[in-house]
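**Q** So that we are looking at the same thing, I have put the structure below in structure tokens.
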Amino acid sequence: MTVNKESLTAHYRPVIPSASTSAMLHVTDVRPMPSVSCGREPVSDALYEGFRNIDAADPALYEHYGVKRGLRNPDGSGVVAGLTTVCDVHGYRKGPDGIEPDEGDLLLRGYSIGDLVGAAASEGRFGYEELAFLLISGQLPTYAQLADFNDRIDSRRALPVGYLSLFPRTTASTSIMNVLQRATLLLYAFDDDPDATDPQHEVDVAISLLARLPRIAAIASAAYSAEANQSELSIPPIEPGLSMAETILRVLRGPDGYTREEAQVLDTMLMLHAEHGGGNNSTFTCRVLSSSGTDPYSAYAAAMGSLKGPKHGGANFKVGQMIDDVCDHVADPSDTEAMEAYIARIAAGEAFDGTGLLYGIGHAVYTLSDPRAAIIRRYAGALAEKKGLSRRFRTIEAIEDLAPSVVMRVRGTSKPLCANVDLYAGFVYDMLGIPAEMHTPIFAIARLSGWVAHRMEELYGAGRIIRPAYVVPWASTCPVYVPIADRSGEEPPLPAPLAQSSPH
């Protein structure tokens, strides 16, 4: 397949006047929430507070019934929920005495993430598209196959005619993730056969979203910035032949606003975030919806909703805040004593946000190391030196080196901890000039290729709706139904008088 890139460039020149696109509209609900408009009188306490008496089960009940909260085994490992050939997240071994910590590795279709990133870097080329092809097809592409894949992506860069007039950046919300979800669902309306789940349609939708989501997210971010700065929203025209990383940076920073080196660093970040096993929350969400046979747009939008959560993809924002806090309280990151003391205060819930969490430290699978963190640390260090941010980088390194042992000591646990990719991800995005509201959306854009692979595996492999069981601990002590007139001792309200009929 060959795409005429000159004709594409000439045809697609989407200039978006700020006054004529919904991207610049503020739509807010002027009607207050019920707790405001109706107040919080005592009669509403059961409605707003009743759950406290029933929803919080005694932790002993989970153990008694063998319920594995979070689908985790007692040793912290995940409950086996399926078979996959997409990815292996390796962080420990299971021995006769339980979990044995091990160096981390991330295998995508059997290939180590370090080898995939290293090969692209050594050849001076972008690697995300190659990795996306690998995840979707199950094999590494030839030159011809990769060129064809990139041409197909180029053919879908332009948004549907009429889409921008409905573009869902219609509220004052700063959540680009919310925009990305709604934008994905909106694309359903422009698909001639959106509920089709045959392989050809699934791959076509995947290609379309890989082509369009970077531009959608970047336009949403640019619209937010233009609105905040009271400036005109101007989006560069589509330029065929650009990589995913270049496409993102071109919209955010302009055609000449980034270097090749910066684009390649972002490309590495996209590769590191592309896939991380079927058990991570957003991918499992995608698989659950896919198992029902629903359309791809719904499945991917739901996965984005999961990734948005602060316990998942939204964690990188908290990492940045924590690093700011540490920098404010420890002047010299090489002062090990001061660093350990302040990290201990954070771990004890006495500093930063009071949660006791060290964001960017610890992982559900990795124990001794997160291979993604090890890779991006090298790029972050080189870029930080050029950007004049070496002190911040040294602070992050000190947190990585010191936090695991400090946290283990403060919490009195022997479970090994290591830095995860979030510790460095936000810092790298900041150095690339990517606004904070775009950090998690870029994660989502990268992860799309992994979601696609798992969705197809669920549709054409497992082929059975996911439906786990829940234990009902009060089944033998069900309450007796009480008529409404006998529940409070109050007199029932008098019926309202019937309206007088109009004479005919």
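Chain lettering (A, B, ...) mirrors the order of the structure tokens, residue numbering begins at 1 for each chain separately, and ligand numbering begins at 1 in order of display.
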Excluding same-chain residues fewer than 6 positions from region 308-316 of chain A, what lies within 7 Å of it counting only C-alpha atoms, as a ChimeraX atom specification?

**A** /A:177,422,425-426,440

**Q** What are the closest atom pairs, with distances in Å to one decimal, for all residues of region 267-339 of chain A lying within 12 Å of region 240-255 of chain A? Consider only C-alpha atoms, order rows by chain and residue number, and present the result as a tab-separated table.

**A**
```
residue	atom	partner	partner_atom	distance
A:Asp267	CA	A:Ala245	CA	5.2
A:Thr268	CA	A:Ala245	CA	8.9
A:Met269	CA	A:Ala245	CA	9.1
A:Leu270	CA	A:Ala245	CA	7.6
A:Met271	CA	A:Ala245	CA	10.2
```

**Q** Would you give me, as CSV, each residue of region 340-443 of chain A having an atom within 8 Å of an atom of region 76-99 of chain A, along with its shortest atom pair and that distance in Å to one decimal, using only C-alpha atoms and sorting by chain and residue number?

**A**
```
residue,atom,partner,partner_atom,distance
A:Ala364,CA,A:Gly76,CA,7.2
A:Val365,CA,A:Gly91,CA,5.2
A:Tyr366,CA,A:Gly91,CA,4.0
A:Thr367,CA,A:Gly91,CA,5.6
A:Leu368,CA,A:Gly91,CA,7.2
A:Ser369,CA,A:Gly91,CA,7.5
A:Asp370,CA,A:Gly91,CA,7.8
```

**Q** Using DSSP secondary structure from the backbone, list all helix (DSSP H, G or I) positions within region 364-423 of chain A, as a compact mmCIF listing (two decimals) with all heavy atoms, in the first residue's frame.

**A**
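The resulting file, out03.txt, is reproduced below:
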```txt
# COMPACT_ATOMS: atom_id res chain seq x y z
N PRO A 371 12.49 -3.18 35.07
CA PRO A 371 13.35 -2.94 33.90
C PRO A 371 13.05 -1.64 33.19
O PRO A 371 13.94 -1.03 32.60
CB PRO A 371 13.05 -4.15 33.01
CG PRO A 371 11.69 -4.62 33.43
CD PRO A 371 11.63 -4.36 34.90
N ARG A 372 11.80 -1.18 33.25
CA ARG A 372 11.43 0.07 32.60
C ARG A 372 12.09 1.25 33.29
O ARG A 372 12.56 2.20 32.63
CB ARG A 372 9.91 0.23 32.60
CG ARG A 372 9.15 -0.92 31.96
CD ARG A 372 7.67 -0.84 32.27
NE ARG A 372 7.43 -0.88 33.70
CZ ARG A 372 6.26 -0.62 34.29
NH1 ARG A 372 5.21 -0.30 33.54
NH2 ARG A 372 6.13 -0.67 35.60
N ALA A 373 12.15 1.20 34.62
CA ALA A 373 12.79 2.29 35.37
C ALA A 373 14.28 2.33 35.07
O ALA A 373 14.87 3.42 34.93
CB ALA A 373 12.54 2.10 36.87
N ALA A 374 14.90 1.16 34.96
CA ALA A 374 16.33 1.10 34.68
C ALA A 374 16.65 1.70 33.31
O ALA A 374 17.67 2.38 33.14
CB ALA A 374 16.81 -0.36 34.75
N ILE A 375 15.78 1.45 32.34
CA ILE A 375 16.00 1.97 30.98
C ILE A 375 15.83 3.49 30.95
O ILE A 375 16.69 4.22 30.45
CB ILE A 375 15.04 1.30 29.98
CG1 ILE A 375 15.41 -0.18 29.81
CG2 ILE A 375 15.08 2.02 28.63
CD1 ILE A 375 14.38 -0.97 29.02
N ILE A 376 14.71 3.97 31.49
CA ILE A 376 14.43 5.40 31.37
C ILE A 376 15.36 6.23 32.24
O ILE A 376 15.61 7.41 31.95
CB ILE A 376 12.95 5.70 31.70
CG1 ILE A 376 12.56 7.06 31.12
CG2 ILE A 376 12.69 5.64 33.20
CD1 ILE A 376 12.75 7.19 29.63
N ARG A 377 15.91 5.65 33.30
CA ARG A 377 16.85 6.39 34.15
C ARG A 377 18.05 6.87 33.34
O ARG A 377 18.54 7.98 33.53
CB ARG A 377 17.30 5.52 35.32
CG ARG A 377 18.26 6.24 36.27
CD ARG A 377 18.57 5.41 37.50
NE ARG A 377 19.14 4.12 37.16
CZ ARG A 377 18.63 2.93 37.50
NH1 ARG A 377 17.49 2.88 38.17
NH2 ARG A 377 19.21 1.81 37.14
N ARG A 378 18.53 6.02 32.42
CA ARG A 378 19.69 6.40 31.59
C ARG A 378 19.37 7.61 30.72
O ARG A 378 20.15 8.55 30.61
CB ARG A 378 20.12 5.22 30.72
CG ARG A 378 20.59 4.01 31.50
CD ARG A 378 21.34 3.04 30.60
NE ARG A 378 20.51 2.52 29.52
CZ ARG A 378 19.78 1.41 29.62
NH1 ARG A 378 19.77 0.72 30.76
NH2 ARG A 378 19.07 0.98 28.60
N TYR A 379 18.20 7.58 30.09
CA TYR A 379 17.79 8.69 29.23
C TYR A 379 17.53 9.94 30.07
O TYR A 379 17.87 11.06 29.67
CB TYR A 379 16.53 8.32 28.46
CG TYR A 379 16.76 7.29 27.38
CD1 TYR A 379 16.63 5.93 27.65
CD2 TYR A 379 17.12 7.66 26.08
CE1 TYR A 379 16.84 4.98 26.66
CE2 TYR A 379 17.32 6.73 25.09
CZ TYR A 379 17.19 5.38 25.39
OH TYR A 379 17.40 4.45 24.41
N ALA A 380 16.92 9.76 31.23
CA ALA A 380 16.59 10.90 32.08
C ALA A 380 17.84 11.62 32.55
O ALA A 380 17.89 12.86 32.59
CB ALA A 380 15.77 10.43 33.28
N GLY A 381 18.87 10.86 32.91
CA GLY A 381 20.11 11.46 33.39
C GLY A 381 20.78 12.31 32.33
O GLY A 381 21.21 13.45 32.60
N ALA A 382 20.86 11.80 31.10
CA ALA A 382 21.50 12.54 30.01
C ALA A 382 20.72 13.80 29.67
O ALA A 382 21.29 14.88 29.46
CB ALA A 382 21.63 11.64 28.78
N LEU A 383 19.38 13.68 29.64
CA LEU A 383 18.55 14.82 29.29
C LEU A 383 18.57 15.87 30.39
O LEU A 383 18.58 17.08 30.13
CB LEU A 383 17.11 14.36 29.02
CG LEU A 383 16.17 15.33 28.30
CD1 LEU A 383 16.75 15.75 26.96
CD2 LEU A 383 14.79 14.70 28.11
N ALA A 384 18.60 15.42 31.65
CA ALA A 384 18.61 16.35 32.79
C ALA A 384 19.87 17.21 32.79
O ALA A 384 19.82 18.41 33.10
CB ALA A 384 18.52 15.57 34.10
N GLU A 385 20.97 16.61 32.40
CA GLU A 385 22.23 17.38 32.36
C GLU A 385 22.14 18.48 31.31
O GLU A 385 22.58 19.61 31.54
CB GLU A 385 23.39 16.43 32.05
CG GLU A 385 24.75 17.10 32.17
CD GLU A 385 25.89 16.10 32.06
OE1 GLU A 385 25.65 14.89 32.13
OE2 GLU A 385 27.04 16.56 31.90
N LYS A 386 21.55 18.18 30.16
CA LYS A 386 21.42 19.18 29.10
C LYS A 386 20.41 20.27 29.47
O LYS A 386 20.54 21.41 29.04
CB LYS A 386 21.00 18.50 27.80
CG LYS A 386 22.07 17.60 27.21
CD LYS A 386 21.59 16.98 25.89
CE LYS A 386 22.67 16.09 25.29
NZ LYS A 386 22.23 15.48 24.01
N LYS A 387 19.40 19.91 30.26
CA LYS A 387 18.34 20.84 30.62
C LYS A 387 18.66 21.63 31.90
O LYS A 387 17.86 22.46 32.32
CB LYS A 387 17.02 20.10 30.81
CG LYS A 387 16.52 19.36 29.58
CD LYS A 387 15.86 20.27 28.60
CE LYS A 387 15.22 19.50 27.46
NZ LYS A 387 14.54 20.37 26.48
N SER A 390 20.03 18.73 36.85
CA SER A 390 20.78 17.64 37.46
C SER A 390 20.44 17.45 38.93
O SER A 390 20.41 16.32 39.44
CB SER A 390 22.29 17.89 37.31
OG SER A 390 22.65 17.84 35.95
N ARG A 391 20.17 18.57 39.65
CA ARG A 391 19.87 18.42 41.07
C ARG A 391 18.57 17.62 41.28
O ARG A 391 18.49 16.74 42.13
CB ARG A 391 19.73 19.80 41.73
CG ARG A 391 19.43 19.67 43.23
CD ARG A 391 18.72 20.89 43.80
NE ARG A 391 18.15 20.60 45.11
CZ ARG A 391 17.16 21.26 45.65
NH1 ARG A 391 16.61 22.26 45.01
NH2 ARG A 391 16.69 20.93 46.83
N ARG A 392 17.56 17.91 40.47
CA ARG A 392 16.30 17.18 40.59
C ARG A 392 16.51 15.70 40.24
O ARG A 392 15.96 14.82 40.90
CB ARG A 392 15.24 17.79 39.67
CG ARG A 392 13.85 17.21 39.89
CD ARG A 392 12.82 17.96 39.06
NE ARG A 392 11.47 17.44 39.22
CZ ARG A 392 10.64 17.79 40.18
NH1 ARG A 392 11.02 18.69 41.08
NH2 ARG A 392 9.43 17.28 40.26
N PHE A 393 17.31 15.46 39.22
CA PHE A 393 17.59 14.07 38.85
C PHE A 393 18.31 13.34 39.99
O PHE A 393 17.98 12.18 40.30
CB PHE A 393 18.44 14.02 37.57
CG PHE A 393 18.86 12.63 37.18
CD1 PHE A 393 17.92 11.73 36.68
CD2 PHE A 393 20.17 12.20 37.33
CE1 PHE A 393 18.28 10.44 36.32
CE2 PHE A 393 20.55 10.91 36.98
CZ PHE A 393 19.60 10.03 36.47
N ARG A 394 19.26 14.02 40.63
CA ARG A 394 19.98 13.38 41.75
C ARG A 394 19.04 13.11 42.91
O ARG A 394 19.18 12.12 43.64
CB ARG A 394 21.15 14.25 42.19
CG ARG A 394 22.30 14.34 41.19
CD ARG A 394 23.57 14.86 41.85
NE ARG A 394 23.37 16.13 42.54
CZ ARG A 394 23.48 17.32 41.96
NH1 ARG A 394 23.78 17.40 40.66
NH2 ARG A 394 23.29 18.44 42.65
N THR A 395 18.06 14.00 43.11
CA THR A 395 17.07 13.78 44.16
C THR A 395 16.26 12.52 43.88
O THR A 395 16.02 11.70 44.78
CB THR A 395 16.13 14.99 44.27
OG1 THR A 395 16.88 16.15 44.61
CG2 THR A 395 15.05 14.75 45.33
N ILE A 396 15.85 12.35 42.63
CA ILE A 396 15.08 11.15 42.25
C ILE A 396 15.94 9.91 42.42
O ILE A 396 15.47 8.87 42.94
CB ILE A 396 14.58 11.28 40.80
CG1 ILE A 396 13.65 12.49 40.67
CG2 ILE A 396 13.85 10.00 40.38
CD1 ILE A 396 13.23 12.78 39.24
N GLU A 397 17.20 9.98 42.00
CA GLU A 397 18.11 8.85 42.19
C GLU A 397 18.26 8.50 43.67
O GLU A 397 18.27 7.31 44.04
CB GLU A 397 19.49 9.18 41.61
CG GLU A 397 19.61 8.98 40.12
CD GLU A 397 21.06 9.05 39.68
OE1 GLU A 397 21.77 10.00 40.08
OE2 GLU A 397 21.49 8.15 38.94
N ALA A 398 18.36 9.52 44.51
CA ALA A 398 18.52 9.28 45.94
C ALA A 398 17.27 8.61 46.51
O ALA A 398 17.36 7.71 47.36
CB ALA A 398 18.80 10.59 46.67
N ILE A 399 16.10 9.04 46.05
CA ILE A 399 14.86 8.40 46.49
C ILE A 399 14.85 6.94 46.08
O ILE A 399 14.50 6.05 46.87
CB ILE A 399 13.63 9.14 45.91
CG1 ILE A 399 13.53 10.54 46.51
CG2 ILE A 399 12.35 8.35 46.18
CD1 ILE A 399 12.47 11.41 45.85
N GLU A 400 15.26 6.67 44.85
CA GLU A 400 15.30 5.28 44.38
C GLU A 400 16.25 4.43 45.21
O GLU A 400 15.94 3.29 45.57
CB GLU A 400 15.72 5.23 42.90
CG GLU A 400 15.83 3.80 42.38
CD GLU A 400 16.23 3.71 40.92
OE1 GLU A 400 16.60 4.75 40.34
OE2 GLU A 400 16.16 2.60 40.36
N ASP A 401 17.42 4.99 45.54
CA ASP A 401 18.43 4.24 46.28
C ASP A 401 18.06 4.03 47.75
O ASP A 401 18.29 2.95 48.31
CB ASP A 401 19.78 4.96 46.20
CG ASP A 401 20.36 4.96 44.79
OD1 ASP A 401 19.93 4.12 43.98
OD2 ASP A 401 21.20 5.83 44.50
N LEU A 402 17.46 5.04 48.37
CA LEU A 402 17.26 5.02 49.82
C LEU A 402 15.87 4.57 50.25
O LEU A 402 15.72 3.96 51.32
CB LEU A 402 17.55 6.41 50.40
CG LEU A 402 18.95 6.99 50.14
CD1 LEU A 402 19.01 8.43 50.64
CD2 LEU A 402 20.01 6.14 50.81
N ALA A 403 14.86 4.91 49.47
CA ALA A 403 13.48 4.68 49.91
C ALA A 403 13.14 3.22 50.22
O ALA A 403 12.47 2.95 51.23
CB ALA A 403 12.50 5.23 48.88
N PRO A 404 13.55 2.24 49.40
CA PRO A 404 13.15 0.86 49.70
C PRO A 404 13.54 0.41 51.10
O PRO A 404 12.70 -0.12 51.86
CB PRO A 404 13.88 0.05 48.62
CG PRO A 404 13.98 0.99 47.46
CD PRO A 404 14.25 2.33 48.10
N SER A 405 14.78 0.63 51.50
CA SER A 405 15.21 0.18 52.83
C SER A 405 14.56 1.01 53.94
O SER A 405 14.21 0.48 55.00
CB SER A 405 16.73 0.25 52.95
OG SER A 405 17.20 1.57 52.74
N VAL A 406 14.38 2.31 53.70
CA VAL A 406 13.75 3.16 54.71
C VAL A 406 12.30 2.74 54.93
O VAL A 406 11.84 2.62 56.06
CB VAL A 406 13.82 4.66 54.29
CG1 VAL A 406 13.00 5.51 55.24
CG2 VAL A 406 15.27 5.14 54.27
N VAL A 407 11.58 2.53 53.84
CA VAL A 407 10.18 2.13 53.95
C VAL A 407 10.06 0.79 54.65
O VAL A 407 9.19 0.60 55.51
CB VAL A 407 9.52 2.07 52.55
CG1 VAL A 407 8.12 1.46 52.64
CG2 VAL A 407 9.44 3.46 51.93
N MET A 408 10.92 -0.15 54.32
CA MET A 408 10.88 -1.47 54.97
C MET A 408 11.12 -1.33 56.47
O MET A 408 10.48 -2.01 57.28
CB MET A 408 11.91 -2.40 54.33
CG MET A 408 11.55 -2.82 52.90
SD MET A 408 12.91 -3.65 52.03
CE MET A 408 13.03 -5.16 52.98
N ARG A 409 12.04 -0.43 56.84
CA ARG A 409 12.34 -0.24 58.26
C ARG A 409 11.17 0.43 58.99
O ARG A 409 10.76 -0.01 60.07
CB ARG A 409 13.60 0.61 58.41
CG ARG A 409 14.04 0.80 59.88
CD ARG A 409 15.28 1.64 60.01
NE ARG A 409 15.04 3.05 59.75
CZ ARG A 409 15.53 3.72 58.73
NH1 ARG A 409 16.30 3.12 57.83
NH2 ARG A 409 15.27 5.02 58.58
N VAL A 410 10.61 1.48 58.37
CA VAL A 410 9.52 2.21 59.01
C VAL A 410 8.28 1.34 59.17
O VAL A 410 7.60 1.36 60.20
CB VAL A 410 9.18 3.49 58.22
CG1 VAL A 410 7.91 4.15 58.74
CG2 VAL A 410 10.35 4.48 58.28
N ARG A 411 8.00 0.54 58.15
CA ARG A 411 6.79 -0.29 58.18
C ARG A 411 7.01 -1.65 58.84
O ARG A 411 6.06 -2.40 59.04
CB ARG A 411 6.27 -0.49 56.75
CG ARG A 411 5.81 0.81 56.10
CD ARG A 411 5.31 0.56 54.70
NE ARG A 411 4.95 1.82 54.03
CZ ARG A 411 4.68 1.91 52.73
NH1 ARG A 411 4.72 0.84 51.96
NH2 ARG A 411 4.34 3.08 52.21
N ASP A 422 7.13 4.93 37.22
CA ASP A 422 6.50 6.22 37.51
C ASP A 422 7.45 7.19 38.19
O ASP A 422 7.25 8.41 38.12
CB ASP A 422 5.26 6.02 38.39
CG ASP A 422 4.10 5.44 37.63
OD1 ASP A 422 3.99 5.69 36.42
OD2 ASP A 422 3.29 4.70 38.24
N LEU A 423 8.47 6.68 38.88
CA LEU A 423 9.39 7.56 39.58
C LEU A 423 10.10 8.51 38.61
O LEU A 423 10.43 9.64 38.96
CB LEU A 423 10.43 6.74 40.37
CG LEU A 423 11.35 7.54 41.29
CD1 LEU A 423 10.56 8.23 42.39
CD2 LEU A 423 12.42 6.63 41.91
```

**Q** Quick one: everything within 8 Å of Ala302 (chain A), counting only C-alpha atoms, minus sequence neighbours fewer than 2 positions away in the same chain. Send it as a JSON list (two decimals) with C-alpha atoms, in the first residue's frame.

**A**
```json
[["chain", "number", "residue", "atom", "x", "y", "z"],
["A", 181, "GLN", "CA", -12.57, 8.72, 26.81],
["A", 282, "SER", "CA", -6.72, -1.09, 32.77],
["A", 285, "THR", "CA", -10.78, -3.84, 32.40],
["A", 286, "CYS", "CA", -10.40, -3.99, 28.63],
["A", 289, "LEU", "CA", -15.51, -5.62, 28.60],
["A", 298, "SER", "CA", -16.41, 0.98, 24.61],
["A", 299, "ALA", "CA", -13.68, -1.43, 25.70],
["A", 300, "TYR", "CA", -10.85, 1.06, 25.12],
["A", 304, "MET", "CA", -8.85, 4.71, 29.85],
["A", 305, "GLY", "CA", -11.20, 5.26, 32.76],
["A", 306, "SER", "CA", -9.25, 2.69, 34.76]]
```

**Q** Could you list, with a cut-off of 9 Å and counting only C-alpha atoms, the residues of region 175-231 of chain A near region 455-462 of chain A, each shown with its nearest atom pair and the distance in Å rounded to one decimal, rows sorted by chain and ascending number, as CSV?

**A**
```
residue,atom,partner,partner_atom,distance
A:Thr197,CA,A:Leu459,CA,8.1
A:Pro199,CA,A:Met456,CA,7.8
A:Glu202,CA,A:Met456,CA,7.7
```

**Q** Got time to write the residues from that selection, N, CA and C atoms, as an mmCIF file, in the first residue's frame?

**A**
```
data_model
loop_
_atom_site.group_PDB
_atom_site.id
_atom_site.type_symbol
_atom_site.label_atom_id
_atom_site.label_comp_id
_atom_site.auth_asym_id
_atom_site.auth_seq_id
_atom_site.Cartn_x
_atom_site.Cartn_y
_atom_site.Cartn_z
ATOM 1 N N THR A 197 -17.148 -7.100 15.352
ATOM 2 C CA THR A 197 -16.002 -7.594 16.126
ATOM 3 C C THR A 197 -15.181 -8.607 15.326
ATOM 4 N N PRO A 199 -12.053 -9.789 12.920
ATOM 5 C CA PRO A 199 -10.639 -9.374 13.009
ATOM 6 C C PRO A 199 -10.287 -8.171 12.139
ATOM 7 N N GLU A 202 -11.546 -5.042 13.806
ATOM 8 C CA GLU A 202 -10.783 -4.782 15.033
ATOM 9 C C GLU A 202 -9.434 -4.155 14.712
#
```

**Q** As number ranges by chain, please: the residues near region 114-131 of chain A (cut-off 10 Å, only C-alpha atoms, same-chain neighbours under 5 positions excluded).

**A** A: 105-109, 136-143, 145-147, 149-150, 153, 210, 242-246, 260-261, 263-275, 371-372, 374-375, 446, 449-450

**Q** Quick one: write out the picked residues with C-alpha atoms as an mmCIF file, in the first residue's frame?

**A**
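Everything below was put into out_37.cif:
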```cif
data_model
loop_
_atom_site.group_PDB
_atom_site.id
_atom_site.type_symbol
_atom_site.label_atom_id
_atom_site.label_comp_id
_atom_site.auth_asym_id
_atom_site.auth_seq_id
_atom_site.Cartn_x
_atom_site.Cartn_y
_atom_site.Cartn_z
ATOM 1 C CA ASP A 105 12.117 -8.330 33.080
ATOM 2 C CA LEU A 106 9.339 -7.449 30.680
ATOM 3 C CA LEU A 107 8.829 -9.780 27.718
ATOM 4 C CA LEU A 108 6.558 -8.685 24.873
ATOM 5 C CA ARG A 109 5.606 -11.616 22.671
ATOM 6 C CA ILE A 136 -1.038 -6.788 17.407
ATOM 7 C CA SER A 137 0.294 -9.346 14.921
ATOM 8 C CA GLY A 138 2.449 -11.481 17.200
ATOM 9 C CA GLN A 139 5.554 -11.110 15.059
ATOM 10 C CA LEU A 140 8.280 -8.588 14.316
ATOM 11 C CA PRO A 141 7.655 -6.768 11.023
ATOM 12 C CA THR A 142 9.845 -6.786 7.950
ATOM 13 C CA TYR A 143 10.809 -3.450 6.408
ATOM 14 C CA GLN A 145 5.400 -4.748 6.654
ATOM 15 C CA LEU A 146 6.439 -1.865 8.906
ATOM 16 C CA ALA A 147 6.242 0.604 6.007
ATOM 17 C CA PHE A 149 1.683 -0.395 8.797
ATOM 18 C CA ASN A 150 2.930 3.201 8.967
ATOM 19 C CA ILE A 153 -1.670 4.839 10.213
ATOM 20 C CA LEU A 210 -3.294 4.723 16.973
ATOM 21 C CA LEU A 242 5.853 11.237 11.396
ATOM 22 C CA SER A 243 6.162 8.781 14.239
ATOM 23 C CA MET A 244 3.755 8.653 17.149
ATOM 24 C CA ALA A 245 6.231 10.618 19.293
ATOM 25 C CA GLU A 246 6.766 13.298 16.637
ATOM 26 C CA ARG A 260 15.057 14.650 17.107
ATOM 27 C CA GLU A 261 16.652 13.579 20.391
ATOM 28 C CA ALA A 263 11.283 12.815 20.022
ATOM 29 C CA GLN A 264 13.348 9.667 20.439
ATOM 30 C CA VAL A 265 13.212 9.963 24.228
ATOM 31 C CA LEU A 266 9.426 10.245 24.024
ATOM 32 C CA ASP A 267 9.392 7.277 21.653
ATOM 33 C CA THR A 268 11.252 5.264 24.304
ATOM 34 C CA MET A 269 8.657 6.273 26.897
ATOM 35 C CA LEU A 270 5.883 5.112 24.562
ATOM 36 C CA MET A 271 7.619 1.758 24.141
ATOM 37 C CA LEU A 272 8.039 1.324 27.894
ATOM 38 C CA HIS A 273 4.350 2.066 28.501
ATOM 39 C CA ALA A 274 2.958 0.064 25.569
ATOM 40 C CA GLU A 275 2.179 -3.153 27.422
ATOM 41 C CA PRO A 371 13.352 -2.943 33.902
ATOM 42 C CA ARG A 372 11.431 0.069 32.596
ATOM 43 C CA ALA A 374 16.334 1.101 34.677
ATOM 44 C CA ILE A 375 16.004 1.972 30.984
ATOM 45 C CA ALA A 446 1.052 4.164 24.348
ATOM 46 C CA SER A 449 -1.420 -1.265 21.413
ATOM 47 C CA GLY A 450 -1.298 -3.546 24.451
#
```

**Q** As an exercise, work out the distance from CA of Ser175 (chain A) to CA of Glu227 (chain A) in Å and give it to one decimal place.

**A**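 For CA of Ser175 (chain A) relative to CA of Glu227 (chain A), the distance reads 14.2 Å.
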
**Q** Which one is closest to Thr283 (chain A): A:Trp451, A:Tyr188, A:Tyr429, A:Tyr163? Count only C-alpha atoms.

**A**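 Looking at the shortest contact to Thr283 (chain A), the residue is A:Trp451.
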
**Q** With distances taken over only C-alpha atoms, which residue among A:Ala301, A:Phe133, A:Glu41, A:Phe427 lies nearest Val179 (chain A)?

**A**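 Among A:Ala301, A:Phe133, A:Glu41, A:Phe427, it is A:Ala301 that comes nearest to Val179 (chain A).
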